[in-house]
Every structure is written in structure tokens, then in C-alpha cells.
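One structure is given below, encoded as C-alpha cells.
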Amino acid sequence: MAGRLKWLPRGRLELDCNAEGVSFMEAESEAKLSDFNDFSPTPEFEKLVPQVNYKHPIETIPLFLAQVTRFKCGGISLGVSISHAVVDGQSAFHFLSEWGRIARGEPLETTPFLDRKILWTGKPLPPFASPPQCERKGFEQPPLLIGETDNVEERKKKTTVEILKLSKTLIEKLRSRVNTSEYADPARGFTRYETVAGHVWRCASKARGHSPEQPTSLGICVDTRSRVQPPLPRGYFGNATINAVARSTSGELISNGLGFAAEKISEAIKSVTNEYVMTGIEYLKNHEDLKTFQDIHALGSTDGPFYGNPNLGLVSWLTLPMYGLDFGWGKEVHMGPCTHDGDGGSLLLPDKNDDGSLILATCLQVAHMEAFKQHLYEDI
């Protein structure tokens, strides 16, 4: 985490462990913690997290930036920015947890496993996975709106962020509905993520007013630690996620019901096997230029993948240890994301009260948000 990234030819990145260090800042605010209400992302709230200037050469940008802010009421906040190219959510929370243990004077609980070569296949593409076949498994660009040749105009449209609570009762109703549908597998049942993601995907399609034949996709971030063979060692420190993509049309999603959407998502997640991961790595290794897959850019850029209208990306933090971080002065008042990824970017989090409810942090175009919220709470 004290090193730097640097560009290599063909859009490759290399981690240079040069011990340049991290960025640690201290700030003071005239505000009180209570001024932030539910801690929804706002311009003032975003000032609590160190900002990265992506116009600077990547070789000069720290991989980890932290900002401690002291408030008028005596409270403090810790905002962090961490390079997603270097670590995924599991490793980011591992880092923060161990930092807290060290601050409390305790030893490490889990030593980080740092050898990235464990995910280096080093073999040619197997006969079952030619590059075109692999590309169809999740590396092609998301669909565009019918009649459009690019997503430039959709990227320009004004967006808004909402933090929406899904009560335990609402989730139980959705799960009861989806697990009694014709698409349910009695031996397994659909998970919370598959159920809620299917509901969110359908509501977004309704709110956006798509034509029935409009292709749409849902991007899913899958942790591969237990899906590769052998499984990655405990404490693997890096980015071990890979994208899976559920695809349909808006007409199919809406007319066939929640069970259909949940099944599409479940099938996409199940497809992430050892073969899928290793084939994906090999495909990327052999691809001419990786920049088309990268989103190392500031918000508002026209580069990288775009999961806005007519698509959606929903990342799950449901299994991450995001609450209870203790630096020696007790547990936090709030823990959550500060920024968003633009239109279509969404996070699903457990509620801090551990009462079975969930939190959906979502960013959509302003023109679609009110209709989305109405469908989210009423189409149960």
C-alpha cells in the first residue's frame, strides 16, 4: 500500500513497491456530526474524504489516502480513499481492521498474503476457451440504448444519489414472492442479493421507460477467493474480484416477474467457476489493450465501462466486515461509502442496526430517480 502504480505498454498496470508512502491529512470543521443527518453523499460530506486528482501522473498518486477531520462537537471522522486496482472490498476492510487492532495495541489477527503470482495462470488458452468465447462471458461492453451508437450523451446527464432503506419486512415479502415463483429452486432458494438485485434491476427498467425490446445488463462483482481451485489462501491481499453479467431485455424483466430476474442473476453468479476465472485472466493477458476495461478515471470521464442507462451495476457489501471498526475509542457512529460511480452505480449494504434490513445506495439520472423509488417501495 506504500507503493505506486505505473503504466506499462498495452494498458497494463504494474505495482511498484517503492515505499513512497501513503497520504495522511488532518482537518478541522466548524460543522457538527449531527449536521450530516443520515450521512447521504453531499458536497460537504465528500469533503471528509481525501480527493484524488486523476490529472496527475499515476506514478505520483498514493494508493492509500486518509483524512482525519475534527468537528466542533468534539467528534472525529476518518475518511479513506483506496486504490481499487490494488485491493478489493474484502482486502480494504482487512487493512482497516488490522490498522484498528494495531492502534489498540493488539497483534495482527490475519497476516496478509501478498504473493500475486497465485493468480497467474502462465498457460495458453485451453481448447474450450478461445478468446471470442471468453469475451461472451463478461468482457464485452454493456448494451447501448436502442438507436444510439455510443453512451456519450447518457454519461452527460445529471445524476443524483439516494440512500434507501429496505426494511426486513419488505425483504421478506420479496423473498417469499421470489422463492415461490416458477423459477425457484426448492433445494436452494434465491439469496438476499439475488432477490434484491432482481427487484432493483426491474425497478430501474420501469423507471427508465424502456421499450420492451431494449437490451439491458446487470454488472455483478464476484469475489473469487473460494471459487478458484485451490481456493486463495486466507488473508489474500489484493483484488480477487471478477465481473459477471446478467442479461435480458426490459420487456422480459418486467413481464416475467421477479423470479425471472433473480434466476438471470443467479445463473450469472453460478457461472463464475475456476474455469471462468482462469479463462478470464488468460483472455485479459492476451488482449491487445486493457484500457477499454478500466475505469481508473475521475467521475464524469467518457472513458472506461459505463453501467448507466440502460444498464445497472450493483455491488454487494453484505458479507464485508464493515461495522465495528475500533481504533481504541469505541465503535463508529456511521460507516459507509462517500462517493458514487455515476449513473447506474449502486451498493447494497447491511443496516448498522443488524435488524435484517438493508441499505441501497444508488445513483441514477435525476429524470429517473423519483419513479425508481416509487417502484422500489410499491411494486412488492
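Ordering of the C-alpha cells sets the chain letters (A, B, ...); residue numbers start at 1 within each chain; ligands are numbered from 1 in the order shown.
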Original post:
Excluding same-chain residues fewer than 2 positions from Asp38 of chain A, what lies within 12 Å of it counting only C-alpha atoms, as a list in words?
Top reply: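 Here the qualifying residues turn out to be Leu33, Ser34, Asp35, Phe36, Ser40, Pro41, Thr42, Phe45, Glu162, Ile163, Leu164, Lys165, Val333, His334, Met335, Gly336, Cys338, Ile359 and Ala361 of chain A.
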Can those selected residues be exported to a file as a PDB file, in the first residue's frame so that it contains C-alpha atoms?
ATOM      1  CA  LEU A  33     -21.594  15.397  13.214  1.00  0.00           C
ATOM      2  CA  SER A  34     -25.339  15.895  13.582  1.00  0.00           C
ATOM      3  CA  ASP A  35     -25.248  18.310  10.629  1.00  0.00           C
ATOM      4  CA  PHE A  36     -24.757  15.357   8.288  1.00  0.00           C
ATOM      5  CA  SER A  40     -26.038  10.819   2.478  1.00  0.00           C
ATOM      6  CA  PRO A  41     -23.431  11.847  -0.101  1.00  0.00           C
ATOM      7  CA  THR A  42     -23.371  15.637  -0.397  1.00  0.00           C
ATOM      8  CA  PHE A  45     -19.889  15.158   3.186  1.00  0.00           C
ATOM      9  CA  GLU A 162     -30.167   8.315  -2.737  1.00  0.00           C
ATOM     10  CA  ILE A 163     -29.580   6.196   0.359  1.00  0.00           C
ATOM     11  CA  LEU A 164     -32.662   3.988   0.578  1.00  0.00           C
ATOM     12  CA  LYS A 165     -33.586   1.650   3.426  1.00  0.00           C
ATOM     13  CA  VAL A 333     -21.424   6.223  14.623  1.00  0.00           C
ATOM     14  CA  HIS A 334     -21.505   5.706  10.862  1.00  0.00           C
ATOM     15  CA  MET A 335     -19.662   3.640   8.290  1.00  0.00           C
ATOM     16  CA  GLY A 336     -20.429   3.762   4.602  1.00  0.00           C
ATOM     17  CA  CYS A 338     -18.913   8.614   0.474  1.00  0.00           C
ATOM     18  CA  ILE A 359     -29.361  -0.158   2.680  1.00  0.00           C
ATOM     19  CA  ALA A 361     -27.006   3.398  -2.079  1.00  0.00           C
TER      20      ALA A 361
END
**OP:** Would you mind listing what lies within 8 Å of Ser23 of chain A as a PyMOL selection string, with only C-alpha atoms counted and same-chain residues fewer than 6 positions away left out?
**Re:** chain A and resi 62+64-66
Any chance you could export the current selection's N, CA and C atoms as a tab-separated table (two decimals), in the first residue's frame?
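Wrote selection.tsv, looks like this:
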chain	number	residue	atom	x	y	z
A	62	PRO	N	-0.77	8.38	-4.46
A	62	PRO	CA	-0.72	7.34	-3.41
A	62	PRO	C	-1.83	6.32	-3.60
A	64	PHE	N	-3.14	4.79	-1.01
A	64	PHE	CA	-3.99	4.91	0.18
A	64	PHE	C	-3.88	6.33	0.71
A	65	LEU	N	-5.03	6.97	0.87
A	65	LEU	CA	-5.09	8.33	1.41
A	65	LEU	C	-6.08	8.33	2.58
A	66	ALA	N	-5.69	8.95	3.67
A	66	ALA	CA	-6.55	9.02	4.85
A	66	ALA	C	-6.67	10.46	5.31
Subject >> Shell around segment 340-356 of chain A at 8 Å using only C-alpha atoms, local window under 4 positions removed, as a PyMOL selection string >> reply: chain A and resi 155+159+161+167-168+299-300+307-309+311-318+323+334+360-365
How about saving the chosen residues, N, CA and C atoms kept, as a compact mmCIF listing (two decimals), in the first residue's frame?
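Contents of result.txt, as written:
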# COMPACT_ATOMS: atom_id res chain seq x y z
N ARG A 155 -23.84 9.66 -20.50
CA ARG A 155 -22.85 9.99 -19.46
C ARG A 155 -22.98 11.45 -19.01
N THR A 159 -27.14 13.41 -12.60
CA THR A 159 -27.49 12.29 -11.73
C THR A 159 -27.71 12.75 -10.30
N VAL A 161 -27.96 10.98 -6.05
CA VAL A 161 -27.70 9.81 -5.20
C VAL A 161 -28.76 9.74 -4.11
N SER A 167 -36.60 -2.36 4.47
CA SER A 167 -36.89 -2.97 5.76
C SER A 167 -36.86 -4.50 5.69
N LYS A 168 -36.71 -5.11 6.85
CA LYS A 168 -36.72 -6.57 6.93
C LYS A 168 -38.04 -7.11 6.40
N LEU A 299 -14.81 10.86 -11.92
CA LEU A 299 -16.22 10.87 -12.30
C LEU A 299 -16.45 11.90 -13.40
N GLY A 300 -17.30 11.55 -14.33
CA GLY A 300 -17.57 12.46 -15.44
C GLY A 300 -16.75 12.16 -16.68
N TYR A 307 -22.01 1.56 -16.76
CA TYR A 307 -23.18 0.77 -16.41
C TYR A 307 -24.37 1.65 -16.09
N GLY A 308 -24.46 2.79 -16.79
CA GLY A 308 -25.64 3.63 -16.68
C GLY A 308 -26.71 3.17 -17.66
N ASN A 309 -27.75 4.00 -17.82
CA ASN A 309 -28.88 3.68 -18.68
C ASN A 309 -28.43 3.14 -20.04
N ASN A 311 -28.33 0.14 -18.35
CA ASN A 311 -27.76 -0.93 -17.53
C ASN A 311 -27.68 -0.53 -16.06
N LEU A 312 -27.14 -1.43 -15.27
CA LEU A 312 -27.03 -1.20 -13.83
C LEU A 312 -25.85 -2.00 -13.32
N GLY A 313 -25.18 -1.48 -12.30
CA GLY A 313 -24.15 -2.24 -11.60
C GLY A 313 -24.50 -2.24 -10.12
N LEU A 314 -24.60 -3.40 -9.52
CA LEU A 314 -24.97 -3.48 -8.11
C LEU A 314 -23.95 -4.32 -7.36
N VAL A 315 -23.13 -3.65 -6.55
CA VAL A 315 -22.08 -4.30 -5.77
C VAL A 315 -22.61 -4.64 -4.39
N SER A 316 -22.32 -5.83 -3.92
CA SER A 316 -22.76 -6.27 -2.60
C SER A 316 -21.65 -6.09 -1.57
N TRP A 317 -21.99 -5.39 -0.47
CA TRP A 317 -21.13 -5.34 0.70
C TRP A 317 -21.74 -6.15 1.84
N LEU A 318 -22.67 -7.03 1.51
CA LEU A 318 -23.43 -7.74 2.55
C LEU A 318 -22.57 -8.65 3.40
N TYR A 323 -18.73 -2.95 9.81
CA TYR A 323 -19.08 -2.26 11.05
C TYR A 323 -18.21 -2.75 12.20
N HIS A 334 -21.10 5.98 12.24
CA HIS A 334 -21.50 5.71 10.86
C HIS A 334 -20.33 5.13 10.10
N LEU A 360 -29.67 0.46 0.38
CA LEU A 360 -29.33 0.57 -1.04
C LEU A 360 -28.83 1.99 -1.30
N ALA A 361 -27.56 2.12 -1.66
CA ALA A 361 -27.01 3.40 -2.08
C ALA A 361 -26.95 3.37 -3.60
N THR A 362 -27.72 4.24 -4.23
CA THR A 362 -27.83 4.15 -5.68
C THR A 362 -27.74 5.51 -6.34
N CYS A 363 -27.17 5.53 -7.52
CA CYS A 363 -27.05 6.74 -8.32
C CYS A 363 -27.77 6.51 -9.65
N LEU A 364 -28.72 7.38 -9.93
CA LEU A 364 -29.46 7.32 -11.20
C LEU A 364 -29.60 8.72 -11.77
N GLN A 365 -30.01 8.81 -13.00
CA GLN A 365 -30.30 10.11 -13.58
C GLN A 365 -31.45 10.76 -12.81
Could you give me, as a tab-separated table, a per-residue list for segment 231-321 of chain A showing, wherever an atom lies at most 7 Å from an atom of segment 191-213 of chain A, the closest pair of atoms and their distance in Å to one decimal, using only C-alpha atoms and sorting by chain then residue number from low to high?
residue	atom	partner	partner_atom	distance
A:Thr249	CA	A:Glu213	CA	5.7
A:Ser250	CA	A:Pro212	CA	5.3
A:Gly251	CA	A:Pro212	CA	3.7
A:Leu253	CA	A:Arg202	CA	5.9
A:Ile254	CA	A:Arg202	CA	6.1
A:Leu258	CA	A:Gly198	CA	6.2
A:Ala261	CA	A:Gly198	CA	4.9
A:Ala262	CA	A:Gly198	CA	4.8
A:Ile265	CA	A:Glu194	CA	6.0
A:Ser266	CA	A:Glu194	CA	6.2
A:Leu312	CA	A:Trp201	CA	6.9
A:Leu314	CA	A:Ala197	CA	6.9
**OP:** Using DSSP on the backbone, list every residue of segment 58-151 of chain A that comes out as strand (DSSP E), and give them as a list in words.
**Re:**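 The residues of segment 58-151 of chain A classed as strand (DSSP E) are Phe64, Leu65, Ala66, Gln67, Val68, Thr69, Arg70, Ile76, Ser77, Leu78, Gly79, Val80, Ser81 and Ile82 of chain A.
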**OP:** Enumerate the residues of segment 138-267 of chain A with a DSSP assignment of helix (DSSP H, G or I), computed from the backbone, and present them as a PyMOL selection string.
**Re:** chain A and resi 152-156+168-178+192-208+250-256+258-267
Subject >> Atom-to-atom span, atom CA of Gly100 of chain A and atom CA of Thr224 of chain A, Å >> reply: 26.0 Å
Original post:
Ser83 of chain A: which residues within 7 Å, counting only C-alpha atoms, same-chain residues fewer than 3 positions away excluded, as a list of chain:residue names?
Top reply: A:Leu63, A:Phe64, A:Val86, A:Val87
**OP:** Have a look at atom CA of Thr69 of chain A and atom CA of Pro43 of chain A and let me know their distance in Å, one decimal.
**Re:**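 If I compute the distance from atom CA of Thr69 of chain A to atom CA of Pro43 of chain A, I get 15.3 Å.
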**OP:** Please identify all polymer residues within 12 Å of Leu8 of chain A, counting only C-alpha atoms, omitting same-chain residues fewer than 3 positions from it, and present them as a list in words.
**Re:**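 With the cut-off at 12 Å, the set is Leu5, Gly11, Arg12, Leu13, Glu14, Leu15, Asp16, Ile58, Glu59, Asp289, Leu290 and Lys291 of chain A.
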Original post:
Interatomic distance between atom CA of Gln229 of chain A and atom CA of His287 of chain A?
Top reply: 23.7 Å
Original post:
In terms of the shortest atom-to-atom distance over only C-alpha atoms, which of A:Pro186, A:Pro337, A:Gly238, A:Pro143 is closest to Phe306 of chain A?
Top reply: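 Of all the options, A:Pro143 lies closest to Phe306 of chain A.
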Subject >> Nearby residues (only C-alpha atoms) at most 12 Å from Thr60 of chain A, same-chain spacing under 3 positions excluded, as a list in words >> reply: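 The residues that qualify are Ala2, Gly3, Arg4, Leu5, Lys6, Trp7, Asp16, Asn18, Glu20, Gly21, Val22, Ser23, Val52, Asn53, Tyr54, Lys55, His56, Pro57, Leu63 and Phe64 of chain A.
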Subject >> Glu148 of chain A surroundings by only C-alpha atoms, 12 Å radius, close-in-sequence under 4 positions cut, as a list in words >> reply: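 Within the cut-off, the hits are Pro143, Leu144, Val152, Glu153, Glu154, Gln214, Asn309 and Pro310 of chain A.
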